[in-house]
Every structure is written in C-alpha cells, then in structure tokens.
file protein09.pdb (PDB, N, CA and C atoms)
ATOM      1  N   MET Z   1     107.267  29.638  57.453
ATOM      2  CA  MET Z   1     108.423  29.308  58.268
ATOM      3  C   MET Z   1     109.113  28.080  57.688
ATOM      4  N   GLU Z   2     110.405  28.183  57.526
ATOM      5  CA  GLU Z   2     111.167  27.075  56.973
ATOM      6  C   GLU Z   2     111.525  26.076  58.065
ATOM      7  N   PHE Z   3     111.671  24.835  57.646
ATOM      8  CA  PHE Z   3     112.027  23.742  58.558
ATOM      9  C   PHE Z   3     113.550  23.621  58.642
ATOM     10  N   HIS Z   4     114.055  23.399  59.839
ATOM     11  CA  HIS Z   4     115.468  23.061  60.044
ATOM     12  C   HIS Z   4     115.507  21.820  60.934
ATOM     13  N   PRO Z   5     116.374  20.855  60.637
ATOM     14  CA  PRO Z   5     116.392  19.603  61.401
ATOM     15  C   PRO Z   5     116.662  19.781  62.897
ATOM     16  N   SER Z   6     117.231  20.887  63.295
ATOM     17  CA  SER Z   6     117.470  21.107  64.727
ATOM     18  C   SER Z   6     116.171  21.351  65.487
ATOM     19  N   GLN Z   7     115.066  21.592  64.772
ATOM     20  CA  GLN Z   7     113.770  21.828  65.397
ATOM     21  C   GLN Z   7     113.064  20.532  65.803
ATOM     22  N   LEU Z   8     113.516  19.413  65.292
ATOM     23  CA  LEU Z   8     112.888  18.130  65.622
ATOM     24  C   LEU Z   8     113.135  17.769  67.091
ATOM     25  N   PRO Z   9     112.135  17.197  67.760
ATOM     26  CA  PRO Z   9     112.373  16.717  69.121
ATOM     27  C   PRO Z   9     113.339  15.530  69.078
ATOM     28  N   VAL Z  10     114.289  15.502  69.997
ATOM     29  CA  VAL Z  10     115.338  14.481  70.006
ATOM     30  C   VAL Z  10     115.205  13.631  71.262
ATOM     31  N   SER Z  11     115.162  12.307  71.069
ATOM     32  CA  SER Z  11     115.046  11.413  72.220
ATOM     33  C   SER Z  11     116.412  11.055  72.800
ATOM     34  N   LYS Z  12     117.448  11.023  71.958
ATOM     35  CA  LYS Z  12     118.775  10.660  72.451
ATOM     36  C   LYS Z  12     119.830  11.272  71.545
ATOM     37  N   ILE Z  13     120.918  11.717  72.154
ATOM     38  CA  ILE Z  13     122.052  12.275  71.420
ATOM     39  C   ILE Z  13     123.232  11.322  71.585
ATOM     40  N   PHE Z  14     123.862  10.970  70.472
ATOM     41  CA  PHE Z  14     125.034  10.099  70.462
ATOM     42  C   PHE Z  14     126.252  10.915  70.042
ATOM     43  N   HIS Z  15     127.348  10.783  70.781
ATOM     44  CA  HIS Z  15     128.623  11.400  70.410
ATOM     45  C   HIS Z  15     129.473  10.314  69.771
ATOM     46  N   VAL Z  16     129.759  10.455  68.476
ATOM     47  CA  VAL Z  16     130.463   9.411  67.731
ATOM     48  C   VAL Z  16     131.767   9.980  67.182
ATOM     49  N   ASN Z  17     132.894   9.359  67.563
ATOM     50  CA  ASN Z  17     134.201   9.807  67.100
ATOM     51  C   ASN Z  17     134.921   8.779  66.238
ATOM     52  N   ASN Z  18     134.406   7.538  66.206
ATOM     53  CA  ASN Z  18     135.054   6.508  65.382
ATOM     54  C   ASN Z  18     134.016   5.482  64.930
ATOM     55  N   GLU Z  19     134.473   4.525  64.127
ATOM     56  CA  GLU Z  19     133.570   3.554  63.520
ATOM     57  C   GLU Z  19     132.913   2.632  64.546
ATOM     58  N   SER Z  20     133.630   2.228  65.573
ATOM     59  CA  SER Z  20     133.034   1.310  66.555
ATOM     60  C   SER Z  20     131.942   2.011  67.358
ATOM     61  N   GLN Z  21     132.122   3.287  67.649
ATOM     62  CA  GLN Z  21     131.078   4.039  68.344
ATOM     63  C   GLN Z  21     129.848   4.197  67.456
ATOM     64  N   ALA Z  22     130.053   4.306  66.143
ATOM     65  CA  ALA Z  22     128.930   4.417  65.207
ATOM     66  C   ALA Z  22     128.100   3.135  65.238
ATOM     67  N   SER Z  23     128.755   1.995  65.243
ATOM     68  CA  SER Z  23     128.042   0.714  65.306
ATOM     69  C   SER Z  23     127.249   0.581  66.603
ATOM     70  N   ASP Z  24     127.852   1.003  67.699
ATOM     71  CA  ASP Z  24     127.165   0.942  68.991
ATOM     72  C   ASP Z  24     125.939   1.853  69.000
ATOM     73  N   ALA Z  25     126.061   3.045  68.421
ATOM     74  CA  ALA Z  25     124.938   3.984  68.375
ATOM     75  C   ALA Z  25     123.789   3.422  67.553
ATOM     76  N   VAL Z  26     124.094   2.810  66.419
ATOM     77  CA  VAL Z  26     123.060   2.231  65.564
ATOM     78  C   VAL Z  26     122.358   1.090  66.285
ATOM     79  N   THR Z  27     123.110   0.245  66.945
ATOM     80  CA  THR Z  27     122.523  -0.869  67.691
ATOM     81  C   THR Z  27     121.550  -0.350  68.746
ATOM     82  N   GLU Z  28     121.940   0.696  69.447
ATOM     83  CA  GLU Z  28     121.065   1.252  70.479
ATOM     84  C   GLU Z  28     119.814   1.895  69.872
ATOM     85  N   MET Z  29     119.969   2.571  68.732
ATOM     86  CA  MET Z  29     118.801   3.170  68.058
ATOM     87  C   MET Z  29     117.773   2.107  67.711
ATOM     88  N   VAL Z  30     118.229   0.995  67.175
ATOM     89  CA  VAL Z  30     117.318  -0.082  66.782
ATOM     90  C   VAL Z  30     116.685  -0.718  68.010
ATOM     91  N   LYS Z  31     117.458  -0.910  69.067
ATOM     92  CA  LYS Z  31     116.911  -1.492  70.300
ATOM     93  C   LYS Z  31     115.842  -0.594  70.917
ATOM     94  N   LEU Z  32     116.040   0.729  70.826
ATOM     95  CA  LEU Z  32     115.065   1.666  71.378
ATOM     96  C   LEU Z  32     113.796   1.730  70.540
ATOM     97  N   GLY Z  33     113.844   1.183  69.344
ATOM     98  CA  GLY Z  33     112.681   1.179  68.456
ATOM     99  C   GLY Z  33     112.694   2.388  67.537
ATOM    100  N   PHE Z  34     113.491   2.324  66.501
ATOM    101  CA  PHE Z  34     113.682   3.464  65.607
ATOM    102  C   PHE Z  34     112.360   3.998  65.065
ATOM    103  N   ALA Z  35     111.489   3.124  64.596
ATOM    104  CA  ALA Z  35     110.232   3.553  63.965
ATOM    105  C   ALA Z  35     109.133   3.855  64.972
ATOM    106  N   THR Z  36     109.319   3.457  66.228
ATOM    107  CA  THR Z  36     108.261   3.674  67.215
ATOM    108  C   THR Z  36     108.516   4.892  68.102
ATOM    109  N   GLN Z  37     109.703   5.461  68.041
ATOM    110  CA  GLN Z  37     109.996   6.664  68.811
ATOM    111  C   GLN Z  37     109.171   7.827  68.288
ATOM    112  N   ARG Z  38     108.724   8.699  69.150
ATOM    113  CA  ARG Z  38     107.977   9.888  68.733
ATOM    114  C   ARG Z  38     108.916  11.072  68.570
ATOM    115  N   SER Z  39     110.188  10.771  68.291
ATOM    116  CA  SER Z  39     111.192  11.808  68.140
ATOM    117  C   SER Z  39     112.354  11.278  67.301
ATOM    118  N   ALA Z  40     113.342  12.124  67.119
ATOM    119  CA  ALA Z  40     114.494  11.781  66.286
ATOM    120  C   ALA Z  40     115.688  11.396  67.161
ATOM    121  N   PHE Z  41     116.734  10.938  66.500
ATOM    122  CA  PHE Z  41     118.018  10.688  67.149
ATOM    123  C   PHE Z  41     119.021  11.663  66.546
ATOM    124  N   ARG Z  42     119.877  12.232  67.385
ATOM    125  CA  ARG Z  42     120.922  13.135  66.888
ATOM    126  C   ARG Z  42     122.266  12.483  67.144
ATOM    127  N   VAL Z  43     123.103  12.481  66.115
ATOM    128  CA  VAL Z  43     124.451  11.938  66.213
ATOM    129  C   VAL Z  43     125.424  13.085  65.971
ATOM    130  N   LEU Z  44     126.282  13.355  66.947
ATOM    131  CA  LEU Z  44     127.306  14.389  66.800
ATOM    132  C   LEU Z  44     128.588  13.736  66.308
ATOM    133  N   ILE Z  45     129.097  14.257  65.197
ATOM    134  CA  ILE Z  45     130.250  13.677  64.513
ATOM    135  C   ILE Z  45     131.342  14.736  64.416
ATOM    136  N   THR Z  46     132.580  14.314  64.590
ATOM    137  CA  THR Z  46     133.711  15.217  64.470
ATOM    138  C   THR Z  46     133.728  15.891  63.091
ATOM    139  N   LYS Z  47     134.308  17.088  63.007
ATOM    140  CA  LYS Z  47     134.338  17.807  61.738
ATOM    141  C   LYS Z  47     135.511  17.413  60.842
ATOM    142  N   ASP Z  48     136.297  16.436  61.211
ATOM    143  CA  ASP Z  48     137.329  15.921  60.321
ATOM    144  C   ASP Z  48     136.614  15.271  59.142
ATOM    145  N   LYS Z  49     136.744  15.853  57.947
ATOM    146  CA  LYS Z  49     135.914  15.444  56.813
ATOM    147  C   LYS Z  49     136.044  13.972  56.444
ATOM    148  N   ASP Z  50     137.256  13.444  56.440
ATOM    149  CA  ASP Z  50     137.432  12.035  56.070
ATOM    150  C   ASP Z  50     136.737  11.109  57.070
ATOM    151  N   ILE Z  51     136.914  11.392  58.340
ATOM    152  CA  ILE Z  51     136.287  10.569  59.371
ATOM    153  C   ILE Z  51     134.776  10.762  59.349
ATOM    154  N   ALA Z  52     134.332  12.009  59.185
ATOM    155  CA  ALA Z  52     132.888  12.305  59.180
ATOM    156  C   ALA Z  52     132.181  11.575  58.034
ATOM    157  N   LYS Z  53     132.778  11.546  56.863
ATOM    158  CA  LYS Z  53     132.166  10.841  55.724
ATOM    159  C   LYS Z  53     132.047   9.349  56.011
ATOM    160  N   LYS Z  54     133.102   8.758  56.558
ATOM    161  CA  LYS Z  54     133.074   7.330  56.881
ATOM    162  C   LYS Z  54     131.998   7.029  57.921
ATOM    163  N   ILE Z  55     131.943   7.847  58.967
ATOM    164  CA  ILE Z  55     130.974   7.613  60.034
ATOM    165  C   ILE Z  55     129.549   7.793  59.514
ATOM    166  N   GLY Z  56     129.299   8.829  58.733
ATOM    167  CA  GLY Z  56     127.961   9.053  58.180
ATOM    168  C   GLY Z  56     127.507   7.900  57.309
ATOM    169  N   PHE Z  57     128.381   7.448  56.422
ATOM    170  CA  PHE Z  57     128.051   6.313  55.556
ATOM    171  C   PHE Z  57     127.806   5.058  56.375
ATOM    172  N   LEU Z  58     128.644   4.825  57.375
ATOM    173  CA  LEU Z  58     128.510   3.649  58.232
ATOM    174  C   LEU Z  58     127.190   3.663  59.000
ATOM    175  N   ILE Z  59     126.819   4.809  59.517
ATOM    176  CA  ILE Z  59     125.568   4.906  60.276
ATOM    177  C   ILE Z  59     124.369   4.576  59.400
ATOM    178  N   ILE Z  60     124.296   5.160  58.217
ATOM    179  CA  ILE Z  60     123.164   4.910  57.326
ATOM    180  C   ILE Z  60     123.140   3.451  56.876
ATOM    181  N   SER Z  61     124.282   2.924  56.493
ATOM    182  CA  SER Z  61     124.348   1.531  56.024
ATOM    183  C   SER Z  61     123.962   0.549  57.122
ATOM    184  N   GLU Z  62     124.557   0.713  58.300
ATOM    185  CA  GLU Z  62     124.264  -0.216  59.393
ATOM    186  C   GLU Z  62     122.841  -0.067  59.907
ATOM    187  N   LEU Z  63     122.316   1.156  59.901
ATOM    188  CA  LEU Z  63     120.939   1.351  60.345
ATOM    189  C   LEU Z  63     119.971   0.620  59.422
ATOM    190  N   ASN Z  64     120.153   0.756  58.131
ATOM    191  CA  ASN Z  64     119.294   0.039  57.188
ATOM    192  C   ASN Z  64     119.437  -1.470  57.349
ATOM    193  N   TYR Z  65     120.658  -1.939  57.543
ATOM    194  CA  TYR Z  65     120.887  -3.374  57.722
ATOM    195  C   TYR Z  65     120.213  -3.876  58.994
ATOM    196  N   GLU Z  66     120.410  -3.171  60.111
ATOM    197  CA  GLU Z  66     119.822  -3.601  61.389
ATOM    198  C   GLU Z  66     118.295  -3.543  61.358
ATOM    199  N   LEU Z  67     117.730  -2.539  60.707
ATOM    200  CA  LEU Z  67     116.273  -2.462  60.595
ATOM    201  C   LEU Z  67     115.737  -3.632  59.771
ATOM    202  N   ARG Z  68     116.438  -3.965  58.695
ATOM    203  CA  ARG Z  68     116.010  -5.100  57.869
ATOM    204  C   ARG Z  68     116.138  -6.402  58.644
ATOM    205  N   LYS Z  69     117.227  -6.553  59.379
ATOM    206  CA  LYS Z  69     117.477  -7.774  60.147
ATOM    207  C   LYS Z  69     116.419  -7.980  61.234
ATOM    208  N   THR Z  70     115.933  -6.899  61.832
ATOM    209  CA  THR Z  70     114.924  -7.001  62.881
ATOM    210  C   THR Z  70     113.507  -6.838  62.339
ATOM    211  N   LYS Z  71     113.383  -6.859  61.001
ATOM    212  CA  LYS Z  71     112.092  -6.782  60.314
ATOM    213  C   LYS Z  71     111.304  -5.506  60.655
ATOM    214  N   GLN Z  72     112.040  -4.406  60.836
ATOM    215  CA  GLN Z  72     111.412  -3.104  61.018
ATOM    216  C   GLN Z  72     111.426  -2.387  59.671
ATOM    217  N   GLU Z  73     110.513  -1.460  59.517
ATOM    218  CA  GLU Z  73     110.422  -0.737  58.252
ATOM    219  C   GLU Z  73     111.631   0.188  58.087
ATOM    220  N   ARG Z  74     112.171   0.188  56.868
ATOM    221  CA  ARG Z  74     113.362   0.980  56.570
ATOM    222  C   ARG Z  74     112.967   2.248  55.814
ATOM    223  N   ASP Z  75     112.438   3.215  56.520
ATOM    224  CA  ASP Z  75     112.046   4.477  55.904
ATOM    225  C   ASP Z  75     112.745   5.633  56.622
ATOM    226  N   VAL Z  76     114.055   5.636  56.538
ATOM    227  CA  VAL Z  76     114.905   6.560  57.282
ATOM    228  C   VAL Z  76     115.040   7.891  56.532
ATOM    229  N   MET Z  77     114.804   8.965  57.269
ATOM    230  CA  MET Z  77     115.086  10.306  56.764
ATOM    231  C   MET Z  77     116.242  10.837  57.605
ATOM    232  N   TYR Z  78     117.162  11.570  56.980
ATOM    233  CA  TYR Z  78     118.260  12.131  57.759
ATOM    234  C   TYR Z  78     118.753  13.433  57.142
ATOM    235  N   TRP Z  79     119.309  14.263  57.997
ATOM    236  CA  TRP Z  79     119.896  15.535  57.593
ATOM    237  C   TRP Z  79     121.222  15.667  58.306
ATOM    238  N   ILE Z  80     122.156  16.358  57.660
ATOM    239  CA  ILE Z  80     123.447  16.646  58.268
ATOM    240  C   ILE Z  80     123.649  18.156  58.208
ATOM    241  N   TYR Z  81     124.057  18.734  59.317
ATOM    242  CA  TYR Z  81     124.287  20.175  59.355
ATOM    243  C   TYR Z  81     125.409  20.492  60.342
ATOM    244  N   HIS Z  82     125.905  21.730  60.276
ATOM    245  CA  HIS Z  82     126.945  22.178  61.209
ATOM    246  C   HIS Z  82     126.301  22.408  62.571
ATOM    247  N   TYR Z  83     126.771  21.687  63.566
ATOM    248  CA  TYR Z  83     126.187  21.781  64.906
ATOM    249  C   TYR Z  83     126.899  22.855  65.727
ATOM    250  N   ASP Z  84     128.220  22.776  65.775
ATOM    251  CA  ASP Z  84     129.026  23.780  66.455
ATOM    252  C   ASP Z  84     130.392  23.820  65.784
ATOM    253  N   GLU Z  85     131.352  24.472  66.430
ATOM    254  CA  GLU Z  85     132.676  24.643  65.824
ATOM    255  C   GLU Z  85     133.392  23.341  65.519
ATOM    256  N   SER Z  86     133.117  22.307  66.295
ATOM    257  CA  SER Z  86     133.879  21.076  66.130
ATOM    258  C   SER Z  86     133.043  19.842  65.787
ATOM    259  N   HIS Z  87     131.734  20.028  65.526
ATOM    260  CA  HIS Z  87     130.877  18.871  65.236
ATOM    261  C   HIS Z  87     129.884  19.134  64.111
ATOM    262  N   TYR Z  88     129.644  18.071  63.363
ATOM    263  CA  TYR Z  88     128.474  18.016  62.486
ATOM    264  C   TYR Z  88     127.390  17.299  63.288
ATOM    265  N   ALA Z  89     126.148  17.578  62.981
ATOM    266  CA  ALA Z  89     125.049  16.837  63.585
ATOM    267  C   ALA Z  89     124.319  16.091  62.481
ATOM    268  N   MET Z  90     124.014  14.846  62.754
ATOM    269  CA  MET Z  90     123.228  14.026  61.842
ATOM    270  C   MET Z  90     121.945  13.695  62.590
ATOM    271  N   VAL Z  91     120.808  14.102  62.033
ATOM    272  CA  VAL Z  91     119.518  13.853  62.660
ATOM    273  C   VAL Z  91     118.816  12.773  61.858
ATOM    274  N   LEU Z  92     118.394  11.703  62.532
ATOM    275  CA  LEU Z  92     117.751  10.562  61.882
ATOM    276  C   LEU Z  92     116.362  10.365  62.467
ATOM    277  N   ILE Z  93     115.390  10.120  61.575
ATOM    278  CA  ILE Z  93     114.012   9.916  62.015
ATOM    279  C   ILE Z  93     113.288   9.058  60.977
ATOM    280  N   SER Z  94     112.300   8.332  61.424
ATOM    281  CA  SER Z  94     111.447   7.567  60.523
ATOM    282  C   SER Z  94     110.548   8.551  59.770
ATOM    283  N   SER Z  95     110.300   8.322  58.496
ATOM    284  CA  SER Z  95     109.469   9.253  57.724
ATOM    285  C   SER Z  95     108.033   9.287  58.241
ATOM    286  N   LYS Z  96     107.550   8.168  58.756
ATOM    287  CA  LYS Z  96     106.186   8.152  59.316
ATOM    288  C   LYS Z  96     106.106   9.004  60.579
ATOM    289  N   VAL Z  97     107.104   8.916  61.424
ATOM    290  CA  VAL Z  97     107.142   9.734  62.633
ATOM    291  C   VAL Z  97     107.268  11.206  62.259
ATOM    292  N   PHE Z  98     108.065  11.492  61.243
ATOM    293  CA  PHE Z  98     108.243  12.864  60.762
ATOM    294  C   PHE Z  98     106.888  13.452  60.340
ATOM    295  N   GLN Z  99     106.089  12.663  59.622
ATOM    296  CA  GLN Z  99     104.767  13.122  59.192
ATOM    297  C   GLN Z  99     103.823  13.256  60.377
ATOM    298  N   GLN Z 100     103.885  12.343  61.324
ATOM    299  CA  GLN Z 100     103.025  12.411  62.506
ATOM    300  C   GLN Z 100     103.307  13.653  63.340
ATOM    301  N   LEU Z 101     104.554  14.111  63.337
ATOM    302  CA  LEU Z 101     104.911  15.301  64.094
ATOM    303  C   LEU Z 101     104.462  16.583  63.398
ATOM    304  N   GLY Z 102     104.006  16.458  62.152
ATOM    305  CA  GLY Z 102     103.461  17.600  61.432
ATOM    306  C   GLY Z 102     104.470  18.458  60.706
ATOM    307  N   PHE Z 103     105.616  17.913  60.384
ATOM    308  CA  PHE Z 103     106.612  18.700  59.636
ATOM    309  C   PHE Z 103     106.456  18.501  58.156
TER
END
call {"tool": "encode", "arguments": {"input": "protein09.pdb", "output": "structure tokens"}}
result
Amino acid sequence: MEFHPSQLPVSKIFHVNNESQASDAVTEMVKLGFATQRSAFRVLITKDKDIAKKIGFLIISELNYELRKTKQERDVMYWIYHYDESHYAMVLISSKVFQQLGF
C-alpha cells in the first residue's frame, strides 16, 4: 500500500489566503509544539499559483526560523497536493513523529 499525505492524522487545519495568515499559522504551530504533536498540521492554500508559491515558501522559512528561535528541533517533513478544486493542501510533520506513527 502506498502512502499519501492525506492519510496522516491531523491535529489542526489552517486556511491561509495571504502572507499575514501564513505567519499567524506558523506561530500557532510552534506554540502548540510542532515536534511534540502526535499528528500533522494541514494548511489549505489557494490555487492561485503565484500566491501559493509565496505562501508555501513563507510557511517553510518561518517555521524553520521559529523552531530555531524556540530551540526546537528543525526536522520538518512536508508534502503539497491538490486538496480540492480551489485549494492545495500542505501537510507538515516532524520526521520523528512521522516515524513514530509507523509510516
């Protein structure tokens, strides 16, 4: 059986349509304990390609920065896939949690 990121258990879903919402989502992920969650975070991003690329890059960059700033381990795994007609989904999880879940 092949793995698909939609199969991961998700603790919180964020709807992100612009850069400021992306920053808020990252801040909340770190506050919730990115590496200590027993599940992933899903971020729904608009399918406008220019905006989606900016938001995806911003999320990864800010997540790594915030994890480093709070002295948490930066071992982020992520996948991006088509979620529905109008959204991409970005699933983020710690690699240690990913292994603990048995994937």
call {"tool": "residues_around", "arguments": {"input": "protein09.pdb", "residues": "Tyr81 (chain Z)", "least_positions_apart": "5", "cutoff": "6.5 Å", "atoms": "all atoms listed in the file", "output": "ChimeraX atom specification"}}
result
/Z:87-91
call {"tool": "residues_near_point", "arguments": {"input": "protein09.pdb", "point": "(109.6, 11.6, 58.2)", "cutoff": "12 Å", "atoms": "only C-alpha atoms", "output": "compact mmCIF listing (two decimals) with N, CA and C atoms, in the frame of the given file"}}
result
# COMPACT_ATOMS: atom_id res chain seq x y z
N PRO Z 5 116.37 20.86 60.64
CA PRO Z 5 116.39 19.60 61.40
C PRO Z 5 116.66 19.78 62.90
N LEU Z 8 113.52 19.41 65.29
CA LEU Z 8 112.89 18.13 65.62
C LEU Z 8 113.14 17.77 67.09
N PHE Z 34 113.49 2.32 66.50
CA PHE Z 34 113.68 3.46 65.61
C PHE Z 34 112.36 4.00 65.06
N ALA Z 35 111.49 3.12 64.60
CA ALA Z 35 110.23 3.55 63.96
C ALA Z 35 109.13 3.86 64.97
N GLN Z 37 109.70 5.46 68.04
CA GLN Z 37 110.00 6.66 68.81
C GLN Z 37 109.17 7.83 68.29
N ARG Z 38 108.72 8.70 69.15
CA ARG Z 38 107.98 9.89 68.73
C ARG Z 38 108.92 11.07 68.57
N SER Z 39 110.19 10.77 68.29
CA SER Z 39 111.19 11.81 68.14
C SER Z 39 112.35 11.28 67.30
N ALA Z 40 113.34 12.12 67.12
CA ALA Z 40 114.49 11.78 66.29
C ALA Z 40 115.69 11.40 67.16
N ARG Z 74 112.17 0.19 56.87
CA ARG Z 74 113.36 0.98 56.57
C ARG Z 74 112.97 2.25 55.81
N ASP Z 75 112.44 3.22 56.52
CA ASP Z 75 112.05 4.48 55.90
C ASP Z 75 112.74 5.63 56.62
N VAL Z 76 114.06 5.64 56.54
CA VAL Z 76 114.90 6.56 57.28
C VAL Z 76 115.04 7.89 56.53
N MET Z 77 114.80 8.96 57.27
CA MET Z 77 115.09 10.31 56.76
C MET Z 77 116.24 10.84 57.60
N TYR Z 78 117.16 11.57 56.98
CA TYR Z 78 118.26 12.13 57.76
C TYR Z 78 118.75 13.43 57.14
N TRP Z 79 119.31 14.26 58.00
CA TRP Z 79 119.90 15.54 57.59
C TRP Z 79 121.22 15.67 58.31
N VAL Z 91 120.81 14.10 62.03
CA VAL Z 91 119.52 13.85 62.66
C VAL Z 91 118.82 12.77 61.86
N LEU Z 92 118.39 11.70 62.53
CA LEU Z 92 117.75 10.56 61.88
C LEU Z 92 116.36 10.36 62.47
N ILE Z 93 115.39 10.12 61.58
CA ILE Z 93 114.01 9.92 62.02
C ILE Z 93 113.29 9.06 60.98
N SER Z 94 112.30 8.33 61.42
CA SER Z 94 111.45 7.57 60.52
C SER Z 94 110.55 8.55 59.77
N SER Z 95 110.30 8.32 58.50
CA SER Z 95 109.47 9.25 57.72
C SER Z 95 108.03 9.29 58.24
N LYS Z 96 107.55 8.17 58.76
CA LYS Z 96 106.19 8.15 59.32
C LYS Z 96 106.11 9.00 60.58
N VAL Z 97 107.10 8.92 61.42
CA VAL Z 97 107.14 9.73 62.63
C VAL Z 97 107.27 11.21 62.26
N PHE Z 98 108.06 11.49 61.24
CA PHE Z 98 108.24 12.86 60.76
C PHE Z 98 106.89 13.45 60.34
N GLN Z 99 106.09 12.66 59.62
CA GLN Z 99 104.77 13.12 59.19
C GLN Z 99 103.82 13.26 60.38
N GLN Z 100 103.88 12.34 61.32
CA GLN Z 100 103.02 12.41 62.51
C GLN Z 100 103.31 13.65 63.34
N LEU Z 101 104.55 14.11 63.34
CA LEU Z 101 104.91 15.30 64.09
C LEU Z 101 104.46 16.58 63.40
N GLY Z 102 104.01 16.46 62.15
CA GLY Z 102 103.46 17.60 61.43
C GLY Z 102 104.47 18.46 60.71
N PHE Z 103 105.62 17.91 60.38
CA PHE Z 103 106.61 18.70 59.64
C PHE Z 103 106.46 18.50 58.16
call {"tool": "closest_residue", "arguments": {"input": "protein09.pdb", "among": "Z:Val16, Z:Ala22, Z:Met29, Z:Ile60", "to": "Thr46 (chain Z)", "atoms": "only N, CA and C atoms"}}
result
Z:Val16
call {"tool": "select_by_dssp", "arguments": {"input": "protein09.pdb", "residues": "chain Z", "states": "helix (DSSP H, G or I)", "output": "PyMOL selection string"}}
result
chain Z and resi 5-7+19-32+49-69+95-100
call {"tool": "residues_around", "arguments": {"input": "protein09.pdb", "residues": "His15 (chain Z)", "least_positions_apart": "3", "cutoff": "7 Å", "atoms": "only N, CA and C atoms", "output": "list in words"}}
result
Asn18, Gln21, Arg42, Val43, Leu44 and Ile45 of chain Z
call {"tool": "atom_distance", "arguments": {"input": "protein09.pdb", "atom1": "CA of Ser86 (chain Z)", "atom2": "CA of Ser6 (chain Z)"}}
result
16.5 Å
call {"tool": "atom_distance", "arguments": {"input": "protein09.pdb", "atom1": "atom C of Glu66 (chain Z)", "atom2": "CA of Phe3 (chain Z)"}}
result
28.1 Å
call {"tool": "axis_aligned_box", "arguments": {"input": "protein09.pdb", "around": "region 65-78 of chain Z", "padding_each_side": "4 Å", "output": "lines of an AutoDock Vina configuration file"}}
result
center_x = 115.7
center_y = 2.7
center_z = 59.3
size_x = 18.5
size_y = 29.4
size_z = 15.1
call {"tool": "atom_distance", "arguments": {"input": "protein09.pdb", "atom1": "atom N of Ser11 (chain Z)", "atom2": "CA of Phe41 (chain Z)"}}
result
5.1 Å
call {"tool": "select_by_dssp", "arguments": {"input": "protein09.pdb", "residues": "chain Z", "states": "strand (DSSP E or B)", "output": "PyMOL selection string"}}
result
chain Z and resi 10-16+40-46+76-84+87-94
call {"tool": "closest_residue", "arguments": {"input": "protein09.pdb", "among": "Z:Thr27, Z:His82, Z:Val10, Z:Asn17", "to": "Ala52 (chain Z)", "atoms": "all atoms listed in the file"}}
result
Z:Asn17
